[in-house]
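Colleague: The structure is given below, and queries will be raised subsequently.
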Amino acid sequence: MRPARHPHPQAARSSGSHSDQGNLGWWRQAVTYQVYVRSFQDSDGDGVGDLGGVRQRLPYLRSLGVDAIWLNPFFPSPQHDHGYDVADYLDVDPQYGTLEGFDALVRDAHRLDIKVLIDVVPNHCSIEHAWFTAAVAAGPGSPERGRFHFADGRGAQGELPPNNWRSIFGGPAWRRIIEPDGTPGQWYLHTFAEEQADFNWRHPAVPAYFEEVLRFWFDRGVDGLRIDVAHGLHKQEGLPDHDSALDDELTGDPNNPHAWNQLEVHDVWRRWRAIADWYTASTGHERVLIGEVGVLDTAELAAYQRPDELHQSFFFEFLRTPWDVEQLRSVIDRGRLTVAATGSPVAWVLNNHDMPRVVTRYAGGAPGGPVGDIELGLSRARAAALLMLALPGSAFIYQGEELGLPEVTDLPEHLLTDPMFHRTAGARRGRDGCRVPLPWDSGRDALGFSPEPAAATTWLPQPDWFGYHAVDRQLESGESMLHLYREAIALRRRVPGITQGEFRWLPTEPGVLAFMRGDGFACVVNCSSRPVCMPVDGHVLHASKAEVGEKLPPDSAAWLLVRACDE
Ligand code: NOJ
């Protein structure tokens, strides 16, 4: 299936008055807010967030001060992986709104000077995508099957999967279909859930299709794309067995060298970059590409953001690092010295919709396990926010991070929706706990997530304690996490030294991280459990704890305007 014809890029509208002539490169130090649409704001009372809800909350995002939003997938989808199983790349799921509603959201966001990034999912599509249903109907050997990875099974009756690859969500990466004549037949590859069939990127129709998808959304005025599984796409020809596939019996091989990180994928990013650059040059409205690149080696990660490939890739090593001074120092250096060496700054990230929230991680808690020491986790998360926002590069904030939301670790199992939970028979709890609908107003039904009177329950239940973190409460307190983020983002805009000065570590006592940006600004982070002296003399611009003065309390951070020697 080819997408409907859209105007050639040369006919691209320049999205009204929105033009960043003179603001090229905004993304290099941007703060982008990740909107998990399903859980952000419900505007129609069905208990599920939607694009209308995002539009209503734009003023909130404006006052938070972010430069851009990234919307998780809102395309038509049976929602087996909450939109990462896309059935139609060129429309909006009715549950989330309409194309016109999307256009209105982009228009309003641009009026408020907020850029809009959307999520593109090229590694796989829903088994309800028209190409896949056509492939099943067309039978073995058909051109339709050539756009996916269909293969005969092993064993006398083809009853065994074609190879030993494991799905990232658990279990084999293959599912057998029933052929149109009613007999058990071929298998198809799904590196994620069985409802997500992997495209065959060696088939020329696949890259051509996605180029149309890009143009469709760029023509609608989006400022950029977050690319799902950007290290995926091509599989090694012949789909050979993976030697250590069973190392992790539950969830599969993020390191399977035959399934991920094939050289050919870089050609795709070069081509997409050329398209994005064409739009930038011809409309004066810059379009950017940011990849979710799941490779563990920092140098290989950096290879994805070479000057003619993706603009950036998320630096997940930072998110995976525990609250430990040496590990933090070393991961920051890997980011600065390896990733940023490409000429493209690091995209720092502490949270996203796939990971337990940082407050809980730093508290020692875990989904389905202990809650942890939430006060400690919160102190550290506050300090980490100031650390991240002072590092050279851009930062991505996941909704609720600015409220200091902990993970909801104890959602009842019968309500869990993550395919990972089901495919591992409960052994992996999954990601629902960081996706609970946001608390906006502590005094309202559904904590203001749904309009009143709330007709439906929220798609995941909000725990009683969620109201404590609600936006209305945080607005009342100058000490709140929301206030901390707002002030930090505002300072990033106001004090050029924070984002532009050259990075330099300062010598410190053990347990402390401190660095300068240029000559005038310093960030100091105390990861230890005792108060420490400031390693540099200066005026405190912002701090994660009220008690910051001559000394920096345990698990806290401060931003300083450094005094020149003769002051
Ligand atoms: C990465 C996304 O962030 C995650 O939520 C999704 O389940 C997988 N890719 C599969 O699309």
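Labels for the structure tokens follow display order: chains A, B, ..., residues from 1 in each chain, ligands from 1.
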Report as a compact mmCIF listing (two decimals) with C-alpha atoms, in the first residue's frame all protein, DNA and RNA residues lying within 9 Å of Tyr468 (chain A), evaluated on only C-alpha atoms, omitting residues in the same chain fewer than 4 positions from it.
Modeller:
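Saved to part25.txt:
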# COMPACT_ATOMS: atom_id res chain seq x y z
CA PRO A 439 -2.29 14.66 38.65
CA SER A 442 -5.79 17.69 43.87
CA ASP A 464 -4.36 8.04 46.56
CA ARG A 473 -0.27 22.05 45.12
CA GLN A 474 3.12 22.50 43.56
Colleague: Using only C-alpha atoms and all ligand atoms, tabulate the residues of chain A lying at most 9 Å from any atom of ligand 1, each with its closest atom pair and that distance in Å to one decimal, by chain and increasing residue number, as a Markdown table.
Modeller:
| residue | atom | partner | partner_atom_place_in_ligand_line | distance |
| --- | --- | --- | --- | --- |
| A:Asn72 | CA | ligand 1 | 3 (O) | 8.5 |
| A:Asp81 | CA | ligand 1 | 7 (O) | 5.7 |
| A:His82 | CA | ligand 1 | 7 (O) | 7.8 |
| A:Gly83 | CA | ligand 1 | 11 (O) | 8.2 |
| A:Tyr84 | CA | ligand 1 | 11 (O) | 4.5 |
| A:Asp85 | CA | ligand 1 | 11 (O) | 6.9 |
| A:Val121 | CA | ligand 1 | 11 (O) | 6.5 |
| A:Pro122 | CA | ligand 1 | 11 (O) | 8.8 |
| A:Asn123 | CA | ligand 1 | 11 (O) | 7.6 |
| A:His124 | CA | ligand 1 | 11 (O) | 7.3 |
| A:Cys125 | CA | ligand 1 | 11 (O) | 8.7 |
| A:Ile168 | CA | ligand 1 | 10 (C) | 8.6 |
| A:Phe169 | CA | ligand 1 | 7 (O) | 8.3 |
| A:Thr191 | CA | ligand 1 | 10 (C) | 8.5 |
| A:Phe192 | CA | ligand 1 | 10 (C) | 6.0 |
| A:Ala193 | CA | ligand 1 | 10 (C) | 8.0 |
| A:Gln196 | CA | ligand 1 | 11 (O) | 8.0 |
| A:Ile227 | CA | ligand 1 | 1 (C) | 8.9 |
| A:Asp228 | CA | ligand 1 | 9 (N) | 5.4 |
| A:Val229 | CA | ligand 1 | 9 (N) | 5.5 |
| A:Glu292 | CA | ligand 1 | 1 (C) | 7.2 |
| A:Gly294 | CA | ligand 1 | 1 (C) | 8.9 |
| A:Asn352 | CA | ligand 1 | 3 (O) | 7.9 |
| A:His353 | CA | ligand 1 | 5 (O) | 6.4 |
| A:Asp354 | CA | ligand 1 | 5 (O) | 5.5 |
| A:Asp418 | CA | ligand 1 | 7 (O) | 8.5 |
| A:Pro419 | CA | ligand 1 | 7 (O) | 8.4 |
| A:Met420 | CA | ligand 1 | 7 (O) | 8.7 |
| A:Arg431 | CA | ligand 1 | 5 (O) | 8.4 |
Colleague: Enumerate as a PyMOL selection string all residues of region 263-386 of chain A assigned to alpha helix (DSSP H) by DSSP on the backbone, naming them with the chain letters and numbers the document uses.
Modeller: chain A and resi 265-283+298-303+316-320+325-334+358-363+374-386
Colleague: Write out as a list of chain:residue names each polymer residue whose atoms come within 10 Å of Gly448 (chain A), counting only C-alpha atoms; drop sequence neighbours fewer than 4 positions from it.
Modeller: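 Residues meeting the cut-off are A:Gln41, A:Asp42, A:Pro437, A:Leu438, A:Pro439, A:Trp440, A:Asp441, A:Ser442, A:Gly443, A:Arg444, A:Glu452, A:Ala454, A:Gly467, A:Ala470, A:Val471, A:Asp472.
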Colleague: Report as number ranges by chain all protein, DNA and RNA residues lying within 10 Å of Pro392 (chain A), evaluated on only C-alpha atoms, omitting residues in the same chain fewer than 5 positions from it.
Modeller: A: 28-29, 332, 335-336, 340, 345-348, 498-503, 517
Colleague: Could you turn the residues from that selection into a file that holds N, CA, C and O atoms, as an mmCIF file, in the first residue's frame?
Modeller:
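New file out_6.cif:
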data_model
loop_
_atom_site.group_PDB
_atom_site.id
_atom_site.type_symbol
_atom_site.label_atom_id
_atom_site.label_comp_id
_atom_site.auth_asym_id
_atom_site.auth_seq_id
_atom_site.Cartn_x
_atom_site.Cartn_y
_atom_site.Cartn_z
ATOM 1 N N ARG A 28 20.095 22.355 19.762
ATOM 2 C CA ARG A 28 21.390 22.028 20.375
ATOM 3 C C ARG A 28 21.389 22.208 21.887
ATOM 4 O O ARG A 28 22.134 21.549 22.599
ATOM 5 N N GLN A 29 20.580 23.103 22.371
ATOM 6 C CA GLN A 29 20.525 23.297 23.822
ATOM 7 C C GLN A 29 19.076 23.387 24.289
ATOM 8 O O GLN A 29 18.790 23.994 25.323
ATOM 9 N N ILE A 332 29.291 11.248 32.219
ATOM 10 C CA ILE A 332 29.255 12.612 31.656
ATOM 11 C C ILE A 332 30.443 12.792 30.696
ATOM 12 O O ILE A 332 30.299 13.353 29.600
ATOM 13 N N GLY A 335 29.790 11.053 27.433
ATOM 14 C CA GLY A 335 28.880 11.858 26.608
ATOM 15 C C GLY A 335 29.602 13.030 25.977
ATOM 16 O O GLY A 335 29.528 13.266 24.771
ATOM 17 N N ARG A 336 30.331 13.763 26.793
ATOM 18 C CA ARG A 336 30.998 14.983 26.293
ATOM 19 C C ARG A 336 32.059 14.650 25.260
ATOM 20 O O ARG A 336 32.186 15.295 24.236
ATOM 21 N N ALA A 340 29.518 14.063 21.929
ATOM 22 C CA ALA A 340 29.582 15.458 21.464
ATOM 23 C C ALA A 340 30.740 15.685 20.502
ATOM 24 O O ALA A 340 30.753 16.684 19.769
ATOM 25 N N PRO A 345 25.563 18.023 20.039
ATOM 26 C CA PRO A 345 25.605 17.893 21.498
ATOM 27 C C PRO A 345 24.847 16.686 22.030
ATOM 28 O O PRO A 345 24.020 16.094 21.343
ATOM 29 N N VAL A 346 25.136 16.368 23.280
ATOM 30 C CA VAL A 346 24.499 15.227 23.944
ATOM 31 C C VAL A 346 23.037 15.566 24.245
ATOM 32 O O VAL A 346 22.718 16.696 24.608
ATOM 33 N N ALA A 347 22.152 14.571 24.094
ATOM 34 C CA ALA A 347 20.740 14.713 24.496
ATOM 35 C C ALA A 347 20.584 13.983 25.831
ATOM 36 O O ALA A 347 20.438 12.765 25.870
ATOM 37 N N TRP A 348 20.634 14.743 26.921
ATOM 38 C CA TRP A 348 20.599 14.148 28.267
ATOM 39 C C TRP A 348 19.170 13.748 28.623
ATOM 40 O O TRP A 348 18.221 14.459 28.287
ATOM 41 N N ILE A 498 25.172 29.671 31.309
ATOM 42 C CA ILE A 498 24.785 28.315 31.710
ATOM 43 C C ILE A 498 24.846 27.366 30.514
ATOM 44 O O ILE A 498 25.258 26.209 30.637
ATOM 45 N N THR A 499 24.449 27.844 29.362
ATOM 46 C CA THR A 499 24.396 26.928 28.218
ATOM 47 C C THR A 499 25.576 27.115 27.262
ATOM 48 O O THR A 499 25.831 26.243 26.443
ATOM 49 N N GLN A 500 26.251 28.246 27.365
ATOM 50 C CA GLN A 500 27.247 28.501 26.315
ATOM 51 C C GLN A 500 28.698 28.370 26.742
ATOM 52 O O GLN A 500 29.575 28.190 25.917
ATOM 53 N N GLY A 501 28.932 28.472 28.031
ATOM 54 C CA GLY A 501 30.329 28.461 28.452
ATOM 55 C C GLY A 501 30.984 27.102 28.278
ATOM 56 O O GLY A 501 30.321 26.063 28.313
ATOM 57 N N GLU A 502 32.287 27.138 28.124
ATOM 58 C CA GLU A 502 33.023 25.876 27.950
ATOM 59 C C GLU A 502 33.023 25.065 29.250
ATOM 60 O O GLU A 502 33.158 25.624 30.338
ATOM 61 N N PHE A 503 32.898 23.766 29.119
ATOM 62 C CA PHE A 503 32.807 22.871 30.283
ATOM 63 C C PHE A 503 34.201 22.588 30.841
ATOM 64 O O PHE A 503 35.130 22.283 30.094
ATOM 65 N N ARG A 517 30.983 26.338 33.635
ATOM 66 C CA ARG A 517 30.688 26.628 32.231
ATOM 67 C C ARG A 517 31.254 28.030 32.006
ATOM 68 O O ARG A 517 30.765 28.997 32.598
#
Colleague: DSSP on the backbone: which residues in region 42-288 of chain A end up as strand (DSSP E or B)? Give the answer as a ChimeraX atom specification.
Modeller: /A:68-71,115-120,124-126,148,150-151,154,160,166,172,174-178,184-189,196-199,224-227,288
Colleague: With N, CA and C atoms kept, could you save the residues just selected as a compact mmCIF listing (two decimals), in the first residue's frame?
Modeller:
# COMPACT_ATOMS: atom_id res chain seq x y z
N ALA A 68 10.30 22.71 23.23
CA ALA A 68 9.65 21.79 22.30
C ALA A 68 8.92 20.71 23.07
N ILE A 69 7.95 20.07 22.40
CA ILE A 69 7.34 18.87 22.96
C ILE A 69 7.56 17.71 21.98
N TRP A 70 7.69 16.52 22.52
CA TRP A 70 7.72 15.30 21.71
C TRP A 70 6.49 14.50 22.10
N LEU A 71 5.65 14.22 21.08
CA LEU A 71 4.42 13.46 21.33
C LEU A 71 4.67 11.98 21.05
N LYS A 115 8.03 24.09 19.81
CA LYS A 115 8.17 23.24 18.63
C LYS A 115 7.54 21.87 18.91
N VAL A 116 7.19 21.17 17.83
CA VAL A 116 6.48 19.90 18.00
C VAL A 116 7.23 18.78 17.28
N LEU A 117 7.64 17.78 18.04
CA LEU A 117 8.27 16.59 17.46
C LEU A 117 7.28 15.43 17.58
N ILE A 118 7.23 14.59 16.56
CA ILE A 118 6.37 13.41 16.65
C ILE A 118 7.23 12.15 16.58
N ASP A 119 6.61 11.04 16.91
CA ASP A 119 7.32 9.77 17.03
C ASP A 119 7.08 8.96 15.74
N VAL A 120 8.14 8.53 15.09
CA VAL A 120 7.97 7.68 13.91
C VAL A 120 8.52 6.29 14.25
N HIS A 124 8.87 -1.59 12.81
CA HIS A 124 7.77 -2.57 12.78
C HIS A 124 6.45 -1.82 12.68
N CYS A 125 5.41 -2.54 12.28
CA CYS A 125 4.07 -1.94 12.28
C CYS A 125 3.12 -2.91 12.95
N SER A 126 1.90 -2.45 13.11
CA SER A 126 0.87 -3.31 13.68
C SER A 126 0.52 -4.43 12.69
N PHE A 148 7.87 -7.97 4.69
CA PHE A 148 8.10 -8.36 6.09
C PHE A 148 9.08 -9.52 6.08
N PHE A 150 8.84 -13.04 6.49
CA PHE A 150 8.12 -14.30 6.59
C PHE A 150 9.10 -15.43 6.27
N ALA A 151 9.01 -16.53 6.98
CA ALA A 151 9.90 -17.66 6.69
C ALA A 151 9.21 -18.95 7.10
N ARG A 154 11.28 -24.37 11.14
CA ARG A 154 12.14 -25.55 11.17
C ARG A 154 11.32 -26.74 11.68
N LEU A 160 8.72 -25.36 14.27
CA LEU A 160 9.66 -24.61 15.12
C LEU A 160 10.00 -23.28 14.46
N ARG A 166 15.11 -13.96 20.21
CA ARG A 166 14.13 -13.72 21.25
C ARG A 166 13.52 -12.32 21.08
N PRO A 172 9.83 -16.14 22.08
CA PRO A 172 10.45 -16.16 20.75
C PRO A 172 10.08 -14.92 19.94
N TRP A 174 9.26 -14.92 16.92
CA TRP A 174 8.52 -15.39 15.75
C TRP A 174 7.12 -15.85 16.15
N ARG A 175 6.19 -15.63 15.24
CA ARG A 175 4.84 -16.17 15.45
C ARG A 175 4.39 -16.85 14.16
N ARG A 176 3.76 -17.99 14.33
CA ARG A 176 3.30 -18.74 13.16
C ARG A 176 1.89 -18.28 12.79
N ILE A 177 1.65 -18.16 11.50
CA ILE A 177 0.31 -17.73 11.08
C ILE A 177 -0.50 -18.93 10.58
N ILE A 178 -1.77 -18.72 10.51
CA ILE A 178 -2.65 -19.66 9.81
C ILE A 178 -2.80 -19.13 8.39
N PRO A 184 -1.70 -24.41 9.37
CA PRO A 184 -0.60 -23.67 9.99
C PRO A 184 0.49 -23.45 8.95
N GLY A 185 1.01 -22.26 8.86
CA GLY A 185 1.91 -21.97 7.76
C GLY A 185 3.21 -21.34 8.17
N GLN A 186 3.54 -20.21 7.53
CA GLN A 186 4.83 -19.55 7.74
C GLN A 186 4.84 -18.81 9.08
N TRP A 187 6.04 -18.35 9.40
CA TRP A 187 6.24 -17.55 10.62
C TRP A 187 6.64 -16.14 10.19
N TYR A 188 6.32 -15.16 11.05
CA TYR A 188 6.84 -13.81 10.78
C TYR A 188 7.64 -13.33 11.99
N LEU A 189 8.58 -12.46 11.70
CA LEU A 189 9.49 -11.95 12.73
C LEU A 189 8.85 -10.77 13.46
N GLN A 196 3.39 -6.75 16.59
CA GLN A 196 4.26 -5.77 15.91
C GLN A 196 5.18 -6.53 14.95
N ALA A 197 4.84 -6.50 13.66
CA ALA A 197 5.62 -7.26 12.67
C ALA A 197 6.78 -6.41 12.14
N ASP A 198 7.98 -6.98 12.13
CA ASP A 198 9.14 -6.23 11.63
C ASP A 198 9.08 -6.08 10.11
N PHE A 199 9.33 -4.85 9.65
CA PHE A 199 9.44 -4.61 8.21
C PHE A 199 10.74 -5.21 7.70
N GLY A 224 10.16 18.12 13.96
CA GLY A 224 11.14 17.06 14.04
C GLY A 224 10.52 15.73 14.37
N LEU A 225 11.37 14.71 14.31
CA LEU A 225 10.93 13.34 14.54
C LEU A 225 11.79 12.70 15.62
N ARG A 226 11.12 12.01 16.51
CA ARG A 226 11.82 11.10 17.41
C ARG A 226 11.67 9.73 16.74
N ILE A 227 12.78 9.06 16.51
CA ILE A 227 12.72 7.82 15.71
C ILE A 227 12.86 6.61 16.63
N VAL A 288 14.31 18.46 12.61
CA VAL A 288 15.38 17.70 13.25
C VAL A 288 14.98 16.24 13.45
Colleague: Calculate how many Å separate CA of Pro204 (chain A) from CA of Phe314 (chain A), rounding to one decimal.
Modeller: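 The value is 28.2 Å.
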Colleague: Which residues are near Thr298 (chain A)? Cut-off 9 Å, only C-alpha atoms, ignore same chain within fewer than 5 positions. Put them as a VMD selection string.
Modeller: chain A and resid 303 315 317 334 to 335 338 to 339
Colleague: For Lys551 (chain A), please output as a list in words all residues within 7 Å (counting only C-alpha atoms; exclusion window: fewer than 2 positions along the same chain).
Modeller: Pro531, Val532, Cys533, Met534, Val548, Gly549 and Pro553 of chain A
Colleague: Would you pick out the contacts of Thr424 (chain A) at 10 Å or less, using only C-alpha atoms, so that residues sharing its chain but fewer than 2 positions from it are not included, and give the list as a PyMOL selection string?
Modeller: chain A and resi 169-171+249-251+419-422+426-430
Colleague: To one decimal place in Å, what is the distance between CA of Ser529 (chain A) and CA of Asp555 (chain A)?
Modeller: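 Value for the CA of Ser529 (chain A)-CA of Asp555 (chain A) distance: 6.7 Å.
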